[in-house]
Amino acid sequence: MTVGVRAQDALDLLLQRVTETLGQVGARFPLYADPADGRWTTTGRGSWTGGFWAGLLWLRARHTGSDADRAEASAAIARLAPWAEEDTATRGLILWYGTALATGDEAAGALRERAARAVLAAWDPALGLVPWGAALGGERLRARADGVPGLVPLLAAAGPEGQAAATAHLHRHLDLCLLGASRGEGAQRPCPAWRLDEAGGWVAERNPAPGWSRGEAWLLLAVADAVLHADDPSADTHRLTRAAELLLDRCEFLTGPLVPQAEAGHPGGLLDTSAAAIAAVALLKLARVNEVAWTSACAVRAEAVLHRLVDVHLTRPGSARPAGMLLDGCYDVRGGTAVRHELVWGDFFLALGLSALLGRVDLRQV
């Protein structure tokens with residue numbers, strides 16, 4: 001079977017699963033599904049994952065060309081509109097990935113512009129970033145790896161001031177997550193979460209800890225986007241390229257297991273296919289960067305990861321479970337929540353990666 005046929009068959013299963021999921025969840029948003037029967041745990045407002053559901057609906061609409069499917073995707077985006085003004089850096093995950101594939105949808109474009117202005121208003125120049133925020137609970141003045149992907153292109157959509165804020169937001173997180181890790185004794189893997197202490201200094205948090213594979217994948221995705229969109233051979237471009245090299249090396253994206261553990265060294269060795277799918281898309285983006293030594297290695301590795309996910313972890317017709325479920329995703333290894341499940345963001349990034357392999361999606365746009 002050729003690569004194209006293999007990818008197309010898998011994408012067909014994923015998008016059929018989207019249709020089945022829509023029938024199950026209605027106007028709610030899927031979060032994670034039980035591996036035994038495929039029943040979804042849902043949220044009413046979408047939480048930080050709602051944009052991935054809207055993105056899946058847009059991938060389905062692109063695939064089918066159906067006006068009805070476009071209407072379903074547009075309606076899902078409209079339900080995410082209240083998040084534009086919420087105090088959370090995950091607005092990047094929600095409102096960038098929820099709208100980036102909505103080509104020709106005026107309402108989605110308007111929501112993206114509104115969100116970009118709102119995120120820029122939350123920019124804190126003294127901290128050099130948009131704070132993690134309090135909308136999802138916990139302390140507001142934090143910096144986390146999952147507060148970078150999506151937020152950088154969303155900020156950049158707010159014009160020159162937004163572009164400057166986007167660059168600073170990314171580099172502040174890289175300084176903390178990469179350089180901060182290097183300052184720790186023997187610590188080499190990125191520190192994915194930081195909080196501001198009373199003295200105004202950044203302190204690494206214990207959870208999530210270094211070795212959180214999804215956090216590493218989020219950082220690689222954010223850097224890949226920035227490198228891919230760098231327009232000139234400036235010092236900033238060199239710095240981004242170096243950050244990509246550090247992440248590829250320290251996190252073993254090109255040499256480690258195709259599907260990583262959810263948390264390196266955690267007892268039980270639970271995998272996280274969603275981290276693998278995110279990393280595969282990041283690697284496909286890096287494979288499009290010109291004049292760097294690791295371009296071909298990124299392309300080969302991305303295809304290998306996608307094939308492993310499809311061949312080993314994607315359910316097929318003929319079993320008791322629904323077909324098209326990407327299993328072995330791990331939401332929260334320490335809390336024991338959804339540790340071997342289908343995760344909506346894992347489905348999204350697998351579908352996005354397969355669509356890119358088939359030439360259906362330009363990864364420079366999403």
# chains A, B, ... in the order shown; residues from 1 in each chain; ligands from 1
$ select_by_dssp --residues "segment 117-266 of chain A" --states "strand (DSSP E)" --output "list in words"
Arg142, Ala143, Arg144, Ala193, Trp194, Arg195, Leu196, Trp202, Val203 and Ala204 of chain A
$ residues_around --residues "segment 51-67 of chain A" --least-positions-apart "6" --cutoff "6 Å" --atoms "only C-alpha atoms" --output "ChimeraX atom specification"
/A:15,73,76-77,94-95,97-98,345,348
$ write_last_selection --atoms "N, CA, C and O atoms" --output "PDB file, in the first residue's frame"
ATOM      1  N   LEU A  15     -12.215  11.115   9.948  1.00  0.00           N
ATOM      2  CA  LEU A  15     -13.300  12.036   9.639  1.00  0.00           C
ATOM      3  C   LEU A  15     -14.661  11.365   9.763  1.00  0.00           C
ATOM      4  O   LEU A  15     -15.655  12.020  10.104  1.00  0.00           O
ATOM      5  N   ALA A  73     -19.296  23.367  11.168  1.00  0.00           N
ATOM      6  CA  ALA A  73     -18.014  23.896  11.621  1.00  0.00           C
ATOM      7  C   ALA A  73     -18.141  25.354  12.045  1.00  0.00           C
ATOM      8  O   ALA A  73     -17.602  25.777  13.074  1.00  0.00           O
ATOM      9  N   ALA A  76     -19.796  25.654  15.427  1.00  0.00           N
ATOM     10  CA  ALA A  76     -18.913  25.322  16.542  1.00  0.00           C
ATOM     11  C   ALA A  76     -18.011  26.500  16.881  1.00  0.00           C
ATOM     12  O   ALA A  76     -17.768  26.804  18.055  1.00  0.00           O
ATOM     13  N   ILE A  77     -17.498  27.174  15.861  1.00  0.00           N
ATOM     14  CA  ILE A  77     -16.657  28.353  16.102  1.00  0.00           C
ATOM     15  C   ILE A  77     -17.455  29.440  16.819  1.00  0.00           C
ATOM     16  O   ILE A  77     -16.962  30.083  17.753  1.00  0.00           O
ATOM     17  N   ILE A  94      -7.479  27.628  21.601  1.00  0.00           N
ATOM     18  CA  ILE A  94      -8.919  27.636  21.316  1.00  0.00           C
ATOM     19  C   ILE A  94      -9.233  28.386  20.025  1.00  0.00           C
ATOM     20  O   ILE A  94      -9.933  27.858  19.137  1.00  0.00           O
ATOM     21  N   LEU A  95      -8.711  29.596  19.918  1.00  0.00           N
ATOM     22  CA  LEU A  95      -9.206  30.490  18.866  1.00  0.00           C
ATOM     23  C   LEU A  95      -8.283  30.597  17.659  1.00  0.00           C
ATOM     24  O   LEU A  95      -8.720  31.101  16.614  1.00  0.00           O
ATOM     25  N   TYR A  97      -6.510  27.592  16.518  1.00  0.00           N
ATOM     26  CA  TYR A  97      -6.780  26.323  15.848  1.00  0.00           C
ATOM     27  C   TYR A  97      -8.257  26.155  15.511  1.00  0.00           C
ATOM     28  O   TYR A  97      -8.607  25.405  14.598  1.00  0.00           O
ATOM     29  N   GLY A  98      -9.106  26.866  16.211  1.00  0.00           N
ATOM     30  CA  GLY A  98     -10.528  26.816  15.883  1.00  0.00           C
ATOM     31  C   GLY A  98     -10.897  27.584  14.633  1.00  0.00           C
ATOM     32  O   GLY A  98     -11.911  27.288  13.997  1.00  0.00           O
ATOM     33  N   TRP A 345      -7.723  16.543  20.912  1.00  0.00           N
ATOM     34  CA  TRP A 345      -6.589  17.228  20.280  1.00  0.00           C
ATOM     35  C   TRP A 345      -5.646  16.223  19.605  1.00  0.00           C
ATOM     36  O   TRP A 345      -5.009  16.554  18.602  1.00  0.00           O
ATOM     37  N   PHE A 348      -7.209  15.676  16.293  1.00  0.00           N
ATOM     38  CA  PHE A 348      -7.019  16.837  15.426  1.00  0.00           C
ATOM     39  C   PHE A 348      -5.633  16.848  14.793  1.00  0.00           C
ATOM     40  O   PHE A 348      -5.486  17.010  13.572  1.00  0.00           O
TER      41      PHE A 348
END
$ closest_residue --among "A:Ala217, A:Ala222, A:Ala75, A:Leu129" --to "Asp105 of chain A" --atoms "only C-alpha atoms"
A:Ala75
$ select_by_dssp --residues "segment 19-152 of chain A" --states "helix (DSSP H, G or I)" --output "PyMOL selection string"
chain A and resi 19-25+47-64+67-79+81-85+91-96+106-122+145-147+151-152
$ residues_around --residues "Ser213 of chain A" --least-positions-apart "2" --cutoff "7 Å" --atoms "only C-alpha atoms" --output "PDB file with C-alpha atoms, in the first residue's frame"
ATOM      1  CA  GLY A 211       9.803  15.242  30.907  1.00  0.00           C
ATOM      2  CA  GLY A 215       4.663  20.208  26.907  1.00  0.00           C
ATOM      3  CA  GLU A 216       7.785  19.457  24.885  1.00  0.00           C
ATOM      4  CA  ALA A 217       5.683  18.932  21.771  1.00  0.00           C
ATOM      5  CA  PRO A 260       6.770   8.950  23.874  1.00  0.00           C
ATOM      6  CA  GLN A 261       5.841   8.308  27.457  1.00  0.00           C
ATOM      7  CA  ALA A 262       3.386  10.844  28.813  1.00  0.00           C
ATOM      8  CA  GLU A 263       5.981  11.797  31.414  1.00  0.00           C
ATOM      9  CA  ALA A 275       2.071  14.291  22.152  1.00  0.00           C
TER      10      ALA A 275
END
$ closest_atom_pairs --of "segment 236-351 of chain A" --to "segment 32-47 of chain A" --cutoff "8 Å" --atoms "only C-alpha atoms" --output "tab-separated table"
residue	atom	partner	partner_atom	distance
A:Ala320	CA	A:Asp37	CA	7.3
A:Arg321	CA	A:Asp37	CA	5.3
A:Pro322	CA	A:Gly38	CA	6.2
A:Met325	CA	A:Gly38	CA	7.6
A:Leu327	CA	A:Pro35	CA	6.6
A:Ala338	CA	A:Tyr32	CA	6.9
A:Arg340	CA	A:Pro35	CA	6.9
A:His341	CA	A:Pro35	CA	5.2
A:Glu342	CA	A:Ala33	CA	5.0
A:Leu343	CA	A:Tyr32	CA	4.5
A:Val344	CA	A:Tyr32	CA	6.1
$ residues_around --residues "Trp48 of chain A" --least-positions-apart "5" --cutoff "8 Å" --atoms "only C-alpha atoms" --output "list of chain:residue names"
A:Thr90, A:Arg91, A:Leu93, A:Ile94
$ decode --residues "segment 156-175 of chain A" --atoms "N, CA, C and O atoms" --output "PDB file, in the first residue's frame"
ATOM      1  N   ALA A 156       0.231  37.762  16.565  1.00  0.00           N
ATOM      2  CA  ALA A 156       0.807  38.360  15.359  1.00  0.00           C
ATOM      3  C   ALA A 156      -0.260  38.872  14.409  1.00  0.00           C
ATOM      4  O   ALA A 156       0.016  39.771  13.592  1.00  0.00           O
ATOM      5  N   ALA A 157      -1.484  38.341  14.526  1.00  0.00           N
ATOM      6  CA  ALA A 157      -2.580  38.801  13.674  1.00  0.00           C
ATOM      7  C   ALA A 157      -3.078  40.181  14.070  1.00  0.00           C
ATOM      8  O   ALA A 157      -3.899  40.775  13.363  1.00  0.00           O
ATOM      9  N   ALA A 158      -2.576  40.731  15.196  1.00  0.00           N
ATOM     10  CA  ALA A 158      -3.020  42.038  15.688  1.00  0.00           C
ATOM     11  C   ALA A 158      -2.152  43.178  15.162  1.00  0.00           C
ATOM     12  O   ALA A 158      -2.141  44.264  15.762  1.00  0.00           O
ATOM     13  N   GLY A 159      -1.420  42.961  14.069  1.00  0.00           N
ATOM     14  CA  GLY A 159      -0.632  44.033  13.470  1.00  0.00           C
ATOM     15  C   GLY A 159       0.768  44.117  14.044  1.00  0.00           C
ATOM     16  O   GLY A 159       1.208  43.241  14.792  1.00  0.00           O
ATOM     17  N   PRO A 160       1.509  45.191  13.721  1.00  0.00           N
ATOM     18  CA  PRO A 160       2.909  45.313  14.150  1.00  0.00           C
ATOM     19  C   PRO A 160       3.103  45.207  15.658  1.00  0.00           C
ATOM     20  O   PRO A 160       4.055  44.567  16.123  1.00  0.00           O
ATOM     21  N   GLU A 161       2.228  45.828  16.441  1.00  0.00           N
ATOM     22  CA  GLU A 161       2.353  45.741  17.893  1.00  0.00           C
ATOM     23  C   GLU A 161       2.141  44.303  18.357  1.00  0.00           C
ATOM     24  O   GLU A 161       2.843  43.808  19.250  1.00  0.00           O
ATOM     25  N   GLY A 162       1.187  43.646  17.752  1.00  0.00           N
ATOM     26  CA  GLY A 162       0.943  42.244  18.084  1.00  0.00           C
ATOM     27  C   GLY A 162       2.106  41.354  17.684  1.00  0.00           C
ATOM     28  O   GLY A 162       2.452  40.411  18.402  1.00  0.00           O
ATOM     29  N   GLN A 163       2.722  41.642  16.545  1.00  0.00           N
ATOM     30  CA  GLN A 163       3.862  40.846  16.100  1.00  0.00           C
ATOM     31  C   GLN A 163       5.032  40.974  17.076  1.00  0.00           C
ATOM     32  O   GLN A 163       5.712  39.993  17.391  1.00  0.00           O
ATOM     33  N   ALA A 164       5.258  42.188  17.578  1.00  0.00           N
ATOM     34  CA  ALA A 164       6.326  42.391  18.559  1.00  0.00           C
ATOM     35  C   ALA A 164       6.015  41.642  19.856  1.00  0.00           C
ATOM     36  O   ALA A 164       6.902  41.017  20.459  1.00  0.00           O
ATOM     37  N   ALA A 165       4.756  41.704  20.283  1.00  0.00           N
ATOM     38  CA  ALA A 165       4.348  40.991  21.496  1.00  0.00           C
ATOM     39  C   ALA A 165       4.480  39.484  21.305  1.00  0.00           C
ATOM     40  O   ALA A 165       4.894  38.761  22.219  1.00  0.00           O
ATOM     41  N   ALA A 166       4.122  38.989  20.118  1.00  0.00           N
ATOM     42  CA  ALA A 166       4.210  37.562  19.835  1.00  0.00           C
ATOM     43  C   ALA A 166       5.653  37.073  19.947  1.00  0.00           C
ATOM     44  O   ALA A 166       5.931  36.023  20.542  1.00  0.00           O
ATOM     45  N   THR A 167       6.581  37.845  19.378  1.00  0.00           N
ATOM     46  CA  THR A 167       7.996  37.471  19.439  1.00  0.00           C
ATOM     47  C   THR A 167       8.484  37.434  20.881  1.00  0.00           C
ATOM     48  O   THR A 167       9.157  36.488  21.312  1.00  0.00           O
ATOM     49  N   ALA A 168       8.137  38.468  21.645  1.00  0.00           N
ATOM     50  CA  ALA A 168       8.580  38.530  23.042  1.00  0.00           C
ATOM     51  C   ALA A 168       7.965  37.403  23.867  1.00  0.00           C
ATOM     52  O   ALA A 168       8.636  36.804  24.720  1.00  0.00           O
ATOM     53  N   HIS A 169       6.687  37.113  23.644  1.00  0.00           N
ATOM     54  CA  HIS A 169       5.995  36.044  24.375  1.00  0.00           C
ATOM     55  C   HIS A 169       6.707  34.710  24.144  1.00  0.00           C
ATOM     56  O   HIS A 169       6.970  33.958  25.102  1.00  0.00           O
ATOM     57  N   LEU A 170       7.025  34.422  22.893  1.00  0.00           N
ATOM     58  CA  LEU A 170       7.707  33.173  22.578  1.00  0.00           C
ATOM     59  C   LEU A 170       9.085  33.118  23.235  1.00  0.00           C
ATOM     60  O   LEU A 170       9.442  32.127  23.886  1.00  0.00           O
ATOM     61  N   HIS A 171       9.857  34.189  23.093  1.00  0.00           N
ATOM     62  CA  HIS A 171      11.220  34.154  23.608  1.00  0.00           C
ATOM     63  C   HIS A 171      11.262  34.137  25.133  1.00  0.00           C
ATOM     64  O   HIS A 171      12.167  33.524  25.721  1.00  0.00           O
ATOM     65  N   ARG A 172      10.297  34.776  25.782  1.00  0.00           N
ATOM     66  CA  ARG A 172      10.243  34.686  27.241  1.00  0.00           C
ATOM     67  C   ARG A 172      10.031  33.235  27.679  1.00  0.00           C
ATOM     68  O   ARG A 172      10.689  32.737  28.607  1.00  0.00           O
ATOM     69  N   HIS A 173       9.137  32.527  27.002  1.00  0.00           N
ATOM     70  CA  HIS A 173       8.897  31.130  27.351  1.00  0.00           C
ATOM     71  C   HIS A 173      10.107  30.256  27.032  1.00  0.00           C
ATOM     72  O   HIS A 173      10.433  29.332  27.795  1.00  0.00           O
ATOM     73  N   LEU A 174      10.784  30.543  25.930  1.00  0.00           N
ATOM     74  CA  LEU A 174      11.981  29.770  25.607  1.00  0.00           C
ATOM     75  C   LEU A 174      13.081  30.026  26.628  1.00  0.00           C
ATOM     76  O   LEU A 174      13.803  29.106  27.033  1.00  0.00           O
ATOM     77  N   ASP A 175      13.225  31.277  27.053  1.00  0.00           N
ATOM     78  CA  ASP A 175      14.215  31.597  28.082  1.00  0.00           C
ATOM     79  C   ASP A 175      13.935  30.811  29.360  1.00  0.00           C
ATOM     80  O   ASP A 175      14.853  30.284  29.997  1.00  0.00           O
TER      81      ASP A 175
END
